[in-house]
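**Student:** Pasting my_file10.pdb below, which is PDB, C-alpha atoms and all ligand atoms.
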MODEL        1
ATOM      1  CA  MET A   1     -10.470  61.227 -51.820
ATOM      2  CA  SER A   2      -6.991  59.795 -51.863
ATOM      3  CA  ILE A   3      -4.699  61.311 -49.221
ATOM      4  CA  LEU A   4      -1.602  59.141 -49.620
ATOM      5  CA  SER A   5      -0.610  57.015 -52.558
ATOM      6  CA  ALA A   6       2.260  55.085 -54.026
ATOM      7  CA  LYS A   7       2.490  55.098 -57.793
ATOM      8  CA  ASN A   8       4.413  52.373 -59.602
ATOM      9  CA  ILE A   9       7.141  52.173 -57.024
ATOM     10  CA  VAL A  10      10.252  50.060 -57.317
ATOM     11  CA  VAL A  11      12.383  49.563 -54.206
ATOM     12  CA  SER A  12      15.640  47.649 -53.712
ATOM     13  CA  TYR A  13      17.733  47.236 -50.601
ATOM     14  CA  TYR A  14      20.850  46.616 -52.640
ATOM     15  CA  GLY A  15      21.927  46.055 -56.219
ATOM     16  CA  ASP A  16      19.497  45.149 -58.916
ATOM     17  CA  ILE A  17      17.236  42.944 -56.833
ATOM     18  CA  SER A  18      13.933  44.746 -56.423
ATOM     19  CA  VAL A  19      11.857  43.883 -53.395
ATOM     20  CA  LEU A  20       8.957  45.972 -54.657
ATOM     21  CA  ARG A  21       8.435  45.773 -58.395
ATOM     22  CA  ASP A  22       5.918  48.272 -59.650
ATOM     23  CA  VAL A  23       3.612  48.506 -56.644
ATOM     24  CA  SER A  24       0.763  51.010 -56.518
ATOM     25  CA  MET A  25      -1.747  51.696 -53.789
ATOM     26  CA  GLU A  26      -3.759  54.511 -52.333
ATOM     27  CA  ALA A  27      -5.205  55.332 -48.951
ATOM     28  CA  LYS A  28      -8.464  57.251 -48.967
ATOM     29  CA  GLU A  29      -9.019  59.948 -46.401
ATOM     30  CA  GLY A  30     -10.711  58.713 -43.236
ATOM     31  CA  GLU A  31     -10.519  55.061 -44.215
ATOM     32  CA  ILE A  32      -8.641  52.025 -42.980
ATOM     33  CA  THR A  33      -6.613  50.559 -45.826
ATOM     34  CA  ILE A  34      -5.021  47.221 -45.087
ATOM     35  CA  ILE A  35      -2.064  45.592 -46.799
ATOM     36  CA  ILE A  36      -1.929  41.842 -46.467
ATOM     37  CA  GLY A  37       0.131  39.103 -48.056
ATOM     38  CA  PRO A  38       2.438  36.235 -47.217
ATOM     39  CA  ASN A  39       5.750  36.626 -45.416
ATOM     40  CA  GLY A  40       8.388  38.370 -47.478
ATOM     41  CA  ALA A  41       5.844  39.893 -49.887
ATOM     42  CA  GLY A  42       7.183  43.389 -49.254
ATOM     43  CA  LYS A  43       4.512  44.767 -46.920
ATOM     44  CA  SER A  44       6.943  46.283 -44.416
ATOM     45  CA  THR A  45       9.064  47.626 -47.253
ATOM     46  CA  LEU A  46       6.022  49.351 -48.734
ATOM     47  CA  LEU A  47       5.120  50.927 -45.399
ATOM     48  CA  LYS A  48       8.672  52.191 -44.865
ATOM     49  CA  THR A  49       8.622  53.679 -48.349
ATOM     50  CA  LEU A  50       5.292  55.406 -47.635
ATOM     51  CA  TYR A  51       6.947  57.029 -44.600
ATOM     52  CA  GLY A  52      10.082  58.103 -46.442
ATOM     53  CA  LEU A  53      12.412  55.676 -44.666
ATOM     54  CA  LEU A  54      13.254  54.067 -47.994
ATOM     55  CA  ARG A  55      13.618  55.938 -51.233
ATOM     56  CA  PRO A  56      12.061  54.305 -54.265
ATOM     57  CA  LYS A  57      14.259  53.726 -57.300
ATOM     58  CA  LYS A  58      11.293  54.445 -59.517
ATOM     59  CA  GLY A  59       7.786  55.746 -58.994
ATOM     60  CA  SER A  60       6.433  58.298 -56.582
ATOM     61  CA  ILE A  61       4.749  58.919 -53.262
ATOM     62  CA  ILE A  62       1.916  61.427 -53.430
ATOM     63  CA  TYR A  63       0.476  63.085 -50.324
ATOM     64  CA  GLU A  64      -2.441  65.488 -50.477
ATOM     65  CA  GLY A  65      -1.860  65.880 -54.186
ATOM     66  CA  LYS A  66       1.846  66.710 -53.854
ATOM     67  CA  ASP A  67       4.781  64.591 -54.906
ATOM     68  CA  ILE A  68       6.795  64.026 -51.721
ATOM     69  CA  THR A  69       9.132  61.342 -53.050
ATOM     70  CA  GLY A  70      12.625  61.814 -51.696
ATOM     71  CA  LEU A  71      11.756  64.153 -48.826
ATOM     72  CA  LYS A  72      13.382  63.418 -45.465
ATOM     73  CA  VAL A  73      11.548  61.438 -42.806
ATOM     74  CA  HIS A  74      11.128  64.435 -40.495
ATOM     75  CA  GLU A  75       9.456  66.245 -43.385
ATOM     76  CA  PHE A  76       7.004  63.370 -43.814
ATOM     77  CA  MET A  77       6.327  63.682 -40.092
ATOM     78  CA  LYS A  78       5.737  67.430 -40.296
ATOM     79  CA  LEU A  79       3.331  66.932 -43.181
ATOM     80  CA  GLY A  80       1.119  64.784 -40.969
ATOM     81  CA  LEU A  81       2.333  61.214 -41.322
ATOM     82  CA  ALA A  82       3.238  58.916 -38.450
ATOM     83  CA  TYR A  83       4.616  55.394 -38.414
ATOM     84  CA  VAL A  84       4.649  52.605 -35.863
ATOM     85  CA  PRO A  85       7.208  49.956 -36.810
ATOM     86  CA  GLN A  86       6.766  46.310 -35.978
ATOM     87  CA  SER A  87       9.847  46.055 -33.782
ATOM     88  CA  ARG A  88       9.744  47.253 -30.187
ATOM     89  CA  THR A  89      10.828  50.847 -29.919
ATOM     90  CA  VAL A  90      10.068  51.881 -26.341
ATOM     91  CA  PHE A  91      12.964  52.850 -24.110
ATOM     92  CA  PRO A  92      12.591  50.312 -21.282
ATOM     93  CA  ASP A  93      14.411  52.248 -18.568
ATOM     94  CA  LEU A  94      12.634  55.522 -19.219
ATOM     95  CA  THR A  95       9.230  56.223 -17.741
ATOM     96  CA  VAL A  96       6.070  56.242 -19.820
ATOM     97  CA  MET A  97       6.066  60.043 -19.672
ATOM     98  CA  GLU A  98       9.701  60.279 -20.744
ATOM     99  CA  ASN A  99       8.980  57.985 -23.665
ATOM    100  CA  LEU A 100       6.083  60.233 -24.668
ATOM    101  CA  GLU A 101       8.190  63.356 -24.274
ATOM    102  CA  LEU A 102      10.671  61.924 -26.736
ATOM    103  CA  GLY A 103       7.821  61.551 -29.200
ATOM    104  CA  SER A 104       6.711  65.136 -28.727
ATOM    105  CA  TRP A 105      10.082  66.829 -29.360
ATOM    106  CA  ILE A 106       8.641  68.295 -32.528
ATOM    107  CA  LEU A 107       6.257  70.355 -30.320
ATOM    108  CA  ARG A 108       8.768  70.983 -27.519
ATOM    109  CA  HIS A 109       8.694  74.771 -27.747
ATOM    110  CA  ASP A 110       4.991  74.910 -27.111
ATOM    111  CA  LYS A 111       4.044  73.582 -23.691
ATOM    112  CA  LYS A 112       0.341  74.070 -24.306
ATOM    113  CA  LYS A 113       0.514  71.971 -27.465
ATOM    114  CA  VAL A 114       2.468  69.257 -25.657
ATOM    115  CA  ASN A 115      -0.199  69.082 -22.946
ATOM    116  CA  GLU A 116      -2.990  68.985 -25.516
ATOM    117  CA  ALA A 117      -1.185  66.206 -27.336
ATOM    118  CA  LEU A 118      -0.778  64.243 -24.114
ATOM    119  CA  ASP A 119      -4.471  64.654 -23.306
ATOM    120  CA  TYR A 120      -5.284  63.428 -26.784
ATOM    121  CA  VAL A 121      -3.161  60.299 -26.299
ATOM    122  CA  PHE A 122      -4.490  59.645 -22.784
ATOM    123  CA  SER A 123      -8.053  59.908 -24.086
ATOM    124  CA  PHE A 124      -7.335  56.831 -26.198
ATOM    125  CA  PHE A 125      -5.133  55.023 -23.692
ATOM    126  CA  PRO A 126      -6.027  56.015 -20.107
ATOM    127  CA  ILE A 127      -3.678  53.305 -18.831
ATOM    128  CA  LEU A 128      -0.718  55.385 -20.031
ATOM    129  CA  ASP A 129      -1.887  58.261 -17.848
ATOM    130  CA  GLU A 130      -2.216  55.935 -14.866
ATOM    131  CA  LYS A 131       1.259  54.547 -15.428
ATOM    132  CA  LYS A 132       2.990  57.702 -16.594
ATOM    133  CA  ASN A 133       5.619  57.598 -13.848
ATOM    134  CA  ASP A 134       6.383  53.886 -14.235
ATOM    135  CA  LYS A 135       9.314  52.614 -16.222
ATOM    136  CA  ALA A 136       8.265  51.361 -19.636
ATOM    137  CA  LYS A 137       9.755  47.939 -18.987
ATOM    138  CA  THR A 138       7.192  47.320 -16.240
ATOM    139  CA  LEU A 139       4.337  47.571 -18.755
ATOM    140  CA  SER A 140       2.782  44.494 -20.333
ATOM    141  CA  GLY A 141       3.414  43.805 -24.011
ATOM    142  CA  GLY A 142       0.034  45.261 -24.911
ATOM    143  CA  GLN A 143       0.632  48.398 -22.868
ATOM    144  CA  GLN A 144       4.045  48.862 -24.481
ATOM    145  CA  LYS A 145       2.378  48.694 -27.880
ATOM    146  CA  MET A 146      -0.124  51.318 -26.705
ATOM    147  CA  LEU A 147       2.822  53.465 -25.652
ATOM    148  CA  GLU A 148       4.379  53.155 -29.102
ATOM    149  CA  VAL A 149       1.104  53.955 -30.808
ATOM    150  CA  GLY A 150       0.472  56.771 -28.330
ATOM    151  CA  ARG A 151       3.860  58.257 -29.087
ATOM    152  CA  ALA A 152       3.044  58.250 -32.800
ATOM    153  CA  LEU A 153      -0.268  60.005 -32.074
ATOM    154  CA  LEU A 154       1.336  62.940 -30.262
ATOM    155  CA  THR A 155       1.746  64.853 -33.485
ATOM    156  CA  LYS A 156      -1.948  64.287 -34.265
ATOM    157  CA  PRO A 157      -1.113  62.700 -37.597
ATOM    158  CA  LYS A 158      -3.518  62.808 -40.505
ATOM    159  CA  VAL A 159      -2.239  59.430 -41.651
ATOM    160  CA  LEU A 160      -1.084  56.697 -39.297
ATOM    161  CA  LEU A 161       0.946  53.821 -40.740
ATOM    162  CA  LEU A 162       1.132  50.691 -38.583
ATOM    163  CA  ASP A 163       3.181  47.557 -39.168
ATOM    164  CA  GLU A 164       1.643  44.494 -37.517
ATOM    165  CA  PRO A 165       0.624  46.221 -34.295
ATOM    166  CA  THR A 166      -0.979  43.090 -32.853
ATOM    167  CA  ALA A 167       1.609  40.534 -33.961
ATOM    168  CA  THR A 168       2.811  39.548 -30.494
ATOM    169  CA  LEU A 169      -0.342  40.334 -28.542
ATOM    170  CA  ALA A 170      -2.817  38.030 -26.851
ATOM    171  CA  PRO A 171      -6.240  38.033 -28.587
ATOM    172  CA  MET A 172      -7.886  40.205 -25.922
ATOM    173  CA  LEU A 173      -5.242  42.903 -26.280
ATOM    174  CA  ALA A 174      -5.286  42.651 -30.049
ATOM    175  CA  LYS A 175      -9.000  43.357 -29.861
ATOM    176  CA  GLU A 176      -8.306  46.527 -27.895
ATOM    177  CA  ILE A 177      -5.908  47.731 -30.560
ATOM    178  CA  TYR A 178      -8.479  47.065 -33.304
ATOM    179  CA  SER A 179     -11.190  48.973 -31.445
ATOM    180  CA  PHE A 180      -8.754  51.812 -30.932
ATOM    181  CA  LEU A 181      -8.116  51.903 -34.695
ATOM    182  CA  VAL A 182     -11.849  52.053 -35.375
ATOM    183  CA  ARG A 183     -12.202  54.924 -32.915
ATOM    184  CA  LEU A 184      -9.305  56.741 -34.500
ATOM    185  CA  ARG A 185     -10.899  56.341 -37.926
ATOM    186  CA  ASP A 186     -14.185  57.668 -36.521
ATOM    187  CA  GLU A 187     -12.215  60.767 -35.586
ATOM    188  CA  LYS A 188     -11.159  61.079 -39.248
ATOM    189  CA  THR A 189      -7.609  59.781 -39.079
ATOM    190  CA  THR A 190      -6.562  57.825 -42.138
ATOM    191  CA  ILE A 191      -5.002  54.459 -41.324
ATOM    192  CA  VAL A 192      -2.743  52.193 -43.345
ATOM    193  CA  LEU A 193      -2.395  48.861 -41.614
ATOM    194  CA  VAL A 194      -0.094  45.961 -42.435
ATOM    195  CA  ASP A 195      -1.328  42.875 -40.663
ATOM    196  CA  GLN A 196      -0.885  39.108 -40.496
ATOM    197  CA  ASN A 197      -4.059  38.736 -38.458
ATOM    198  CA  VAL A 198      -5.897  38.823 -41.743
ATOM    199  CA  ARG A 199      -9.374  38.104 -40.471
ATOM    200  CA  GLN A 200      -9.373  40.709 -37.737
ATOM    201  CA  ALA A 201      -7.776  43.339 -39.931
ATOM    202  CA  PHE A 202     -10.343  42.564 -42.626
ATOM    203  CA  GLU A 203     -13.182  43.154 -40.157
ATOM    204  CA  ILE A 204     -12.195  46.808 -39.692
ATOM    205  CA  ALA A 205     -10.927  47.459 -43.228
ATOM    206  CA  ASN A 206     -12.501  49.702 -45.851
ATOM    207  CA  TYR A 207     -10.132  48.661 -48.598
ATOM    208  CA  ILE A 208      -7.736  45.760 -49.020
ATOM    209  CA  TYR A 209      -4.507  45.379 -50.970
ATOM    210  CA  VAL A 210      -2.897  41.981 -51.358
ATOM    211  CA  LEU A 211       0.825  41.938 -52.095
ATOM    212  CA  GLU A 212       2.645  38.877 -53.325
ATOM    213  CA  LEU A 213       6.324  38.648 -54.257
ATOM    214  CA  GLY A 214       6.735  42.387 -54.384
ATOM    215  CA  GLU A 215       3.788  42.982 -56.677
ATOM    216  CA  ASN A 216       0.151  43.931 -56.402
ATOM    217  CA  SER A 217      -1.883  40.779 -56.465
ATOM    218  CA  THR A 218      -5.531  41.541 -55.724
ATOM    219  CA  GLN A 219      -7.280  44.591 -54.324
ATOM    220  CA  GLY A 220     -10.774  45.712 -53.548
ATOM    221  CA  SER A 221     -13.234  47.164 -51.103
ATOM    222  CA  LYS A 222     -14.334  45.135 -48.121
ATOM    223  CA  LYS A 223     -17.572  44.389 -49.920
ATOM    224  CA  GLU A 224     -15.760  43.113 -52.986
ATOM    225  CA  PHE A 225     -13.652  40.841 -50.801
ATOM    226  CA  GLU A 226     -16.526  39.500 -48.750
ATOM    227  CA  GLY A 227     -16.751  35.761 -49.338
ATOM    228  CA  LYS A 228     -13.504  35.464 -51.266
ATOM    229  CA  LEU A 229     -11.038  36.219 -48.495
ATOM    230  CA  LYS A 230     -10.511  32.538 -47.817
ATOM    231  CA  GLU A 231      -9.746  31.892 -51.452
ATOM    232  CA  VAL A 232      -7.218  34.733 -51.523
ATOM    233  CA  ILE A 233      -5.278  33.532 -48.519
ATOM    234  CA  LYS A 234      -5.483  29.808 -48.933
ATOM    235  CA  ASP A 235      -2.357  29.584 -51.043
ATOM    236  CA  TRP A 236      -0.134  31.567 -48.764
ATOM    237  CA  LEU A 237       2.761  29.655 -47.370
ATOM    238  CA  ASN A 238       2.978  29.717 -43.589
ATOM    239  CA  TYR A 239      -0.536  30.960 -43.278
ATOM    240  CA  ASP A 240      -1.990  29.642 -40.088
ATOM    241  CA  GLU A 241      -5.749  29.186 -40.305
ATOM    242  CA  SER A 242      -6.074  29.878 -36.594
ATOM    243  CA  HIS A 243      -5.001  33.524 -37.045
TER     244      HIS A 243
HETATM  245  N1  LIG A 301      16.946  45.500 -44.675
HETATM  246  C1  LIG A 301      16.841  44.604 -45.655
HETATM  247  N2  LIG A 301      17.898  44.304 -46.456
HETATM  248  C2  LIG A 301      17.788  43.408 -47.447
HETATM  249  N3  LIG A 301      16.657  42.746 -47.748
HETATM  250  C3  LIG A 301      15.573  42.994 -46.998
HETATM  251  C4  LIG A 301      15.612  43.931 -45.907
HETATM  252  N4  LIG A 301      14.374  43.974 -45.349
HETATM  253  C5  LIG A 301      13.615  43.107 -46.045
HETATM  254  N5  LIG A 301      14.318  42.512 -47.020
HETATM  255  C6  LIG A 301      13.811  41.536 -48.005
HETATM  256  O1  LIG A 301      12.749  42.131 -48.719
HETATM  257  C7  LIG A 301      11.689  41.217 -48.939
HETATM  258  C8  LIG A 301      10.407  41.813 -48.404
HETATM  259  O2  LIG A 301      10.523  41.974 -47.002
HETATM  260  P1  LIG A 301       9.424  42.678 -46.130
HETATM  261  O3  LIG A 301       9.079  43.981 -46.726
HETATM  262  O4  LIG A 301       9.927  42.666 -44.724
HETATM  263  O5  LIG A 301       8.197  41.669 -46.303
HETATM  264  P2  LIG A 301       6.897  41.440 -45.409
HETATM  265  O6  LIG A 301       6.774  42.599 -44.474
HETATM  266  O7  LIG A 301       5.769  41.336 -46.394
HETATM  267  O8  LIG A 301       7.094  40.150 -44.689
HETATM  268  C9  LIG A 301      12.108  39.918 -48.270
HETATM  269  O9  LIG A 301      12.648  39.071 -49.251
HETATM  270  C10 LIG A 301      13.177  40.338 -47.302
HETATM  271  O10 LIG A 301      14.091  39.316 -47.079
HETATM  272 MG    MG A 302       6.758  42.707 -42.398
ENDMDL
END
Could you quickly redo this structure as structure tokens?

**Tutor:**
Amino acid sequence: MSILSAKNIVVSYYGDISVLRDVSMEAKEGEITIIIGPNGAGKSTLLKTLYGLLRPKKGSIIYEGKDITGLKVHEFMKLGLAYVPQSRTVFPDLTVMENLELGSWILRHDKKKVNEALDYVFSFFPILDEKKNDKAKTLSGGQQKMLEVGRALLTKPKVLLLDEPTATLAPMLAKEIYSFLVRLRDEKTTIVLVDQNVRQAFEIANYIYVLELGENSTQGSKKEFEGKLKEVIKDWLNYDESH
């Protein structure tokens, strides 16, 4: 069943130039849906629109059967969506715990809930528990990414949107993030993943959307894509075969 979908959305940053021109996609409950495509295709724009950070000019965002287009970001959050942007968002001079506390402000009146949420995050990333009193800037790049993802998990989202979570990570750490995503899916969280590490993202995907120049290009289940992934990506500019 579809939990989150975009229907025929058009998005512009300014003027008449549309960055997304009639894009549709849906994320099925409990699945990992990946969005891939060359640089500048509009993947990040689509993710921001799915989280309410950008308002589409046309089209709609549907969540659990309701039209939520135009709601405020904090309302998207309350409904059960969480988003991890590509850019670094940890506060380097705050401790790991302080960074997590900032992510749990929505629960701040309920200490029990905050503690449960922290336990939930630490169950995925025990390293954050170990380092909870250390300043975030002393963490490795991979650990900082775990902190960002952990912070997004505090609200126990039903749908987690991630923009290139492994982009700057060494292969070993990237692997950890992918196994975390699989574990999270096993626990029934729906995941929408934008990724340039096409092969690794494909490995864990249930369904794949390819965006090109702000439009849907190809889409299909993992099975349907098996064997033709290479063909799909071979024309992308800047695509590095070693990814
Ligand atoms: N804040 C912005 N203002 C204006 N144009 C933008 C902005 N962000 C992205 N764009 C443009 O929108 C297009 C799609 O960008 P983006 O969604 O970041 O693509 P992708 O994530 O697939 O690389 C690009 O042409 C980019 O230059
Ligand atoms: Mg992007």

**Student:** When you count all atoms listed in the file, which of these residues is closest to ligand LIG 301 (chain A): A:Ala201, A:Leu53, A:Leu229, A:Leu147?

**Tutor:**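 Looking at the shortest contact to ligand LIG 301 (chain A), the residue is A:Leu53.
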
**Student:** Could you list the protein, DNA and RNA residues that have any atom within 7 Å of ligand MG 302 (chain A), counting only C-alpha atoms and all ligand atoms, and write them as number ranges by chain?

**Tutor:** A: 39-40, 42-44, 163

**Student:** Please identify every polymer residue within 9 Å of ligand LIG 301 (chain A), using all atoms listed in the file, and present the set as a short mmCIF file (atom, residue, chain, number, x, y, z; two decimals) with C-alpha atoms, in the coordinates of the input.

**Tutor:**
data_model
loop_
_atom_site.label_atom_id
_atom_site.label_comp_id
_atom_site.auth_asym_id
_atom_site.auth_seq_id
_atom_site.Cartn_x
_atom_site.Cartn_y
_atom_site.Cartn_z
CA SER A 12 15.64 47.65 -53.71
CA TYR A 13 17.73 47.24 -50.60
CA TYR A 14 20.85 46.62 -52.64
CA SER A 18 13.93 44.75 -56.42
CA VAL A 19 11.86 43.88 -53.40
CA LEU A 20 8.96 45.97 -54.66
CA ILE A 35 -2.06 45.59 -46.80
CA ILE A 36 -1.93 41.84 -46.47
CA GLY A 37 0.13 39.10 -48.06
CA PRO A 38 2.44 36.24 -47.22
CA ASN A 39 5.75 36.63 -45.42
CA GLY A 40 8.39 38.37 -47.48
CA ALA A 41 5.84 39.89 -49.89
CA GLY A 42 7.18 43.39 -49.25
CA LYS A 43 4.51 44.77 -46.92
CA SER A 44 6.94 46.28 -44.42
CA THR A 45 9.06 47.63 -47.25
CA LEU A 46 6.02 49.35 -48.73
CA LEU A 47 5.12 50.93 -45.40
CA LYS A 48 8.67 52.19 -44.86
CA ASP A 163 3.18 47.56 -39.17
CA GLU A 164 1.64 44.49 -37.52
CA VAL A 194 -0.09 45.96 -42.44
CA ASP A 195 -1.33 42.88 -40.66
CA LEU A 211 0.82 41.94 -52.10
CA GLU A 212 2.64 38.88 -53.32
CA LEU A 213 6.32 38.65 -54.26
CA GLY A 214 6.74 42.39 -54.38
#

**Student:** Find the residues near region 107-118 of chain A: any atom within 9 Å, counting all atoms listed in the file, skip ones fewer than 5 places away on the same chain, and give them as a list in words.

**Tutor:**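 So the residues in contact are Leu100, Glu101, Ser123, Asp129, Gly150, Leu153, Leu154, Thr155 and Lys156 of chain A.
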
**Student:** Using only C-alpha atoms for the distances, tell me which of A:Leu162, A:Ser104, A:Ser179, A:Asn8 is nearest to Leu193 (chain A).

**Tutor:**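 Among A:Leu162, A:Ser104, A:Ser179, A:Asn8, it is A:Leu162 that comes nearest to Leu193 (chain A).
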
**Student:** Excluding Val23 (chain A) and its own-chain neighbours fewer than 2 positions away, which residues fall within 8 Å of it when counting all atoms listed in the file? Please give them as a PDB file with C-alpha atoms, in the frame of the given file.

**Tutor:**
ATOM      1  CA  ALA A   6       2.260  55.085 -54.026  1.00  0.00           C
ATOM      2  CA  LYS A   7       2.490  55.098 -57.793  1.00  0.00           C
ATOM      3  CA  ASN A   8       4.413  52.373 -59.602  1.00  0.00           C
ATOM      4  CA  ILE A   9       7.141  52.173 -57.024  1.00  0.00           C
ATOM      5  CA  VAL A  10      10.252  50.060 -57.317  1.00  0.00           C
ATOM      6  CA  LEU A  20       8.957  45.972 -54.657  1.00  0.00           C
ATOM      7  CA  ARG A  21       8.435  45.773 -58.395  1.00  0.00           C
ATOM      8  CA  MET A  25      -1.747  51.696 -53.789  1.00  0.00           C
ATOM      9  CA  GLY A 214       6.735  42.387 -54.384  1.00  0.00           C
ATOM     10  CA  GLU A 215       3.788  42.982 -56.677  1.00  0.00           C
ATOM     11  CA  ASN A 216       0.151  43.931 -56.402  1.00  0.00           C
TER      12      ASN A 216
END

**Student:** As a check of understanding, name the residues that the PyMOL selection byres (((chain A and resi 90) around 8) and not hetatm) selects in the supplied structure, as a ChimeraX atom specification.

**Tutor:** /A:88-89,91-92,99,136,144,147-148

**Student:** Which is closest to Leu71 (chain A) among A:Pro85, A:Gly59, A:Gly52, A:Gly30, if we use only C-alpha atoms?

**Tutor:** A:Gly52

**Student:** Please write as an NGL selection string the full residue list that the PyMOL selection byres (((chain A and resi 200) around 12) and not hetatm) yields on this file.

**Tutor:** :A and (34 or 36 or 164-167 or 171-172 or 174-179 or 181-182 or 193-199 or 201-205 or 229 or 242-243)

**Student:** For Ile208 (chain A), which residue out of A:Val232, A:Leu81, A:Ile3, A:Leu169 is the nearest one, using all atoms listed in the file?

**Tutor:**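 Looking at the shortest contact to Ile208 (chain A), the residue is A:Val232.
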
**Student:** Write out as a PyMOL selection string the residues lying within 12 Å of Lys188 (chain A), counting only C-alpha atoms and excluding same-chain residues fewer than 2 positions away.

**Tutor:** chain A and resi 3+28-32+156-160+181-186+190-191

**Student:** Could I see region 189-201 of chain A restored to N, CA and C atoms, set down as a PDB file, keeping the file's coordinate frame?

**Tutor:**
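So result-v4.pdb came out as:
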ATOM      1  N   THR A 189      -9.002  60.071 -38.747  1.00  0.00           N
ATOM      2  CA  THR A 189      -7.609  59.781 -39.079  1.00  0.00           C
ATOM      3  C   THR A 189      -7.579  58.657 -40.116  1.00  0.00           C
ATOM      4  N   THR A 190      -6.732  58.841 -41.102  1.00  0.00           N
ATOM      5  CA  THR A 190      -6.562  57.825 -42.138  1.00  0.00           C
ATOM      6  C   THR A 190      -5.560  56.782 -41.632  1.00  0.00           C
ATOM      7  N   ILE A 191      -5.861  55.515 -41.856  1.00  0.00           N
ATOM      8  CA  ILE A 191      -5.002  54.459 -41.324  1.00  0.00           C
ATOM      9  C   ILE A 191      -4.556  53.510 -42.437  1.00  0.00           C
ATOM     10  N   VAL A 192      -3.261  53.231 -42.442  1.00  0.00           N
ATOM     11  CA  VAL A 192      -2.743  52.193 -43.345  1.00  0.00           C
ATOM     12  C   VAL A 192      -2.151  51.114 -42.447  1.00  0.00           C
ATOM     13  N   LEU A 193      -2.721  49.932 -42.541  1.00  0.00           N
ATOM     14  CA  LEU A 193      -2.395  48.861 -41.614  1.00  0.00           C
ATOM     15  C   LEU A 193      -1.853  47.638 -42.349  1.00  0.00           C
ATOM     16  N   VAL A 194      -0.640  47.229 -41.952  1.00  0.00           N
ATOM     17  CA  VAL A 194      -0.094  45.961 -42.435  1.00  0.00           C
ATOM     18  C   VAL A 194      -0.371  44.934 -41.350  1.00  0.00           C
ATOM     19  N   ASP A 195      -0.938  43.808 -41.708  1.00  0.00           N
ATOM     20  CA  ASP A 195      -1.328  42.875 -40.663  1.00  0.00           C
ATOM     21  C   ASP A 195      -1.318  41.421 -41.117  1.00  0.00           C
ATOM     22  N   GLN A 196      -0.837  40.552 -40.233  1.00  0.00           N
ATOM     23  CA  GLN A 196      -0.885  39.108 -40.496  1.00  0.00           C
ATOM     24  C   GLN A 196      -2.154  38.494 -39.918  1.00  0.00           C
ATOM     25  N   ASN A 197      -2.775  39.210 -38.998  1.00  0.00           N
ATOM     26  CA  ASN A 197      -4.059  38.736 -38.458  1.00  0.00           C
ATOM     27  C   ASN A 197      -5.144  39.124 -39.457  1.00  0.00           C
ATOM     28  N   VAL A 198      -5.110  38.414 -40.582  1.00  0.00           N
ATOM     29  CA  VAL A 198      -5.897  38.823 -41.743  1.00  0.00           C
ATOM     30  C   VAL A 198      -7.385  38.988 -41.428  1.00  0.00           C
ATOM     31  N   ARG A 199      -7.928  38.035 -40.712  1.00  0.00           N
ATOM     32  CA  ARG A 199      -9.374  38.104 -40.471  1.00  0.00           C
ATOM     33  C   ARG A 199      -9.783  39.311 -39.643  1.00  0.00           C
ATOM     34  N   GLN A 200      -9.019  39.565 -38.588  1.00  0.00           N
ATOM     35  CA  GLN A 200      -9.373  40.709 -37.737  1.00  0.00           C
ATOM     36  C   GLN A 200      -9.145  42.031 -38.447  1.00  0.00           C
ATOM     37  N   ALA A 201      -8.053  42.105 -39.195  1.00  0.00           N
ATOM     38  CA  ALA A 201      -7.776  43.339 -39.931  1.00  0.00           C
ATOM     39  C   ALA A 201      -8.881  43.562 -40.967  1.00  0.00           C
TER      40      ALA A 201
END
